[in-house]
Amino acid sequence: MKKILAITILLITTQNLISQTADELNSKGIEFAKKGKIDKAFEIFEEAIKLFPDSPGPYSNRGNVYRMRKEYDLAINDYSKSLELYPDNFNVRYSRANTYMDKGNFEMAISDYSKIIEKKPTFSDIYFDRAYANIRLENYENAKTDLESQLEITPKDFKSLANLINIKKKLELSNEALADYQKIVTEFPNQPNLHVLYNNWASLYREIENPKEALLKINQALKLKKDYDIGLFNRAGIYLELGKEKDACKDFKKALKLNLEKNEHFEADEDFEKLKQLCE
C-alpha cells in the first residue's frame with residue numbers, strides 16, 4: 001500500500017505541474033528564489049524546462065542560479081538557449097555578457113554589450129560596462145570612447161567620470177585628466193571616497209614632475225581622511241622628492257602602523273624601498 005500511495009502522490013504532483021503554464025512555473029520558481037530558497041527554485045526551473053522546452057524564461061532563470069553557483073559555462077549555455085528562443089531579450093543578453101565577464105572572456109562580453117548597444121543604446125550603464133571590458137583588454141582608446149558616450153547619456157555619472165580620468169592617464173592625456181579631477185571634486189563634493197581622488201590627483205602631479213602641486217592635493221586627501229595609509233605613504237614619497245626627509249619618515253612610519261603593507265591596493269615600489277632604508 002505504501003508503494004501504491006507514493007506512486008499516486010507522484011502522479012498527482014506531476015499532473016499539477018503539467019496543468020500549470022510555463023509562465024506560472026517560472027513565476028513560482030522566482031518566488032522561491034526571492035525567499036532565498038535557491039535549490040527549490042532550481043528544481044522548479046528544471047521541471048519547467050522539461051515540460052516546456054520551448055519557453056525561454058525557465059532557461060534564463062536556471063542560468064541565473066548557475067551563475068550564482070559560479071557554474072559559468074552552464075549559465076552561459078542556458079542564457080544562449082533562452083536567446084535562441086527570444087533573441088531580443090536584452091536583459092538575458094546582458095546577463096550573459098556579465099557572465100562572460102565573470103569568466104574572464106572579455107571579447108565575448110564586448111560582443112554581447114555591442115549587440116545591446118546596436119538595438120538599445122540607452123540600456124542602463126551599457127557603455128560603462130563595455131568600457132570596463134575594454135579596460136580589461138587594455139583597449140584604452142575604445143574604453144575612452146565608451147565612457148564619453150556613457151557620460152553623454154548620464155552626465156552626472158561619478159564612476160564613468162572617475163574611470164575616464166584613469167583612462168586619460170593611461171593615454172598620457174595629462175592636461176585633460178587634471179581638468180577632469182577639478183571637475184569631479186567640484187561636482188561631487190560629498191562623494192564618500194573623495195580622499196582617494198585627491199590621492200590619485202596628487203599621483204598624477206608627481207608623474208608630471210610637479211611635487212609642490214602634488215603636496216597640495218595629498219594634503220587635501222589627508223584632511224578628508226587622517227588615517228589614510230596610502231595617502232600617508234604617497235605624501236612620504238612627495239616629501240622625499242622635496243628633500244624633507246624628517247617629514248617623509250614621520251608619514252612613512254604612520255602608514256606602516258596603519259598596516260599599509262596589508263592594504264590590498266598597496267604595492268611595494270622604489271619609494272617604499274628608499275623610505276624603508278632611510279627611516280628604519
# chains A, B, ... in the order shown; residues from 1 in each chain; ligands from 1
$ residues_around --residues "Asp39 in chain A" --least-positions-apart "3" --cutoff "12 Å" --atoms "only C-alpha atoms" --output "list in words"
Gly29, Ile30, Phe32, Ala33, Lys34, Lys35, Gly36, Phe42, Glu43, Ile44, Phe45, Glu46, Arg62, Val65, Tyr66, Met68 and Arg69 of chain A
$ residues_around --residues "Leu232 in chain A" --least-positions-apart "4" --cutoff "8 Å" --atoms "only C-alpha atoms" --output "ChimeraX atom specification"
/A:222,227-228,236,251-252,254-255
$ atom_distance --atom1 "CA of Lys183 in chain A" --atom2 "CA of Leu171 in chain A"
19.0 Å
$ closest_residue --among "A:Cys249, A:Ala179, A:Ile238, A:Leu256" --to "Leu278 in chain A" --atoms "only C-alpha atoms"
A:Cys249
$ atom_distance --atom1 "CA of Lys119 in chain A" --atom2 "CA of Tyr59 in chain A"
22.7 Å
$ residues_around --residues "range 172-175 of chain A" --least-positions-apart "2" --cutoff "12 Å" --atoms "only C-alpha atoms" --output "list in words"
Tyr140, Glu141, Lys144, Leu164, Ile165, Asn166, Ile167, Lys168, Lys169, Lys170, Ala177, Leu178, Ala179, Asp180, Tyr181, Gln182, Trp201, Ser203, Leu204, Tyr205, Arg206, Glu207, Ile208 and Glu209 of chain A
$ select_by_dssp --residues "range 39-274 of chain A" --states "helix (DSSP H, G or I)" --output "ChimeraX atom specification"
/A:39-51,56-68,72-85,90-103,106-119,126-136,140-153,158-170,174-187,194-207,211-224,229-241,245-257,260-262,270-274
$ atom_distance --atom1 "CA of Asn190 in chain A" --atom2 "CA of Glu261 in chain A"
28.6 Å
$ closest_residue --among "A:Ala221, A:Tyr79, A:Asp88, A:Asn259" --to "Glu118 in chain A" --atoms "only C-alpha atoms"
A:Asp88
$ residues_around --residues "Ile218 in chain A" --least-positions-apart "5" --cutoff "8 Å" --atoms "only C-alpha atoms" --output "JSON list (two decimals) with C-alpha atoms, in the first residue's frame"
[["chain", "number", "residue", "atom", "x", "y", "z"],
["A", 198, "TYR", "CA", 42.75, 63.65, -4.25],
["A", 199, "ASN", "CA", 45.40, 60.97, -3.72],
["A", 201, "TRP", "CA", 45.30, 63.63, -8.40],
["A", 202, "ALA", "CA", 48.47, 64.05, -6.34],
["A", 231, "GLY", "CA", 47.80, 58.80, 1.34],
["A", 234, "ASN", "CA", 52.19, 58.92, -1.03],
["A", 235, "ARG", "CA", 52.92, 62.09, 0.94]]
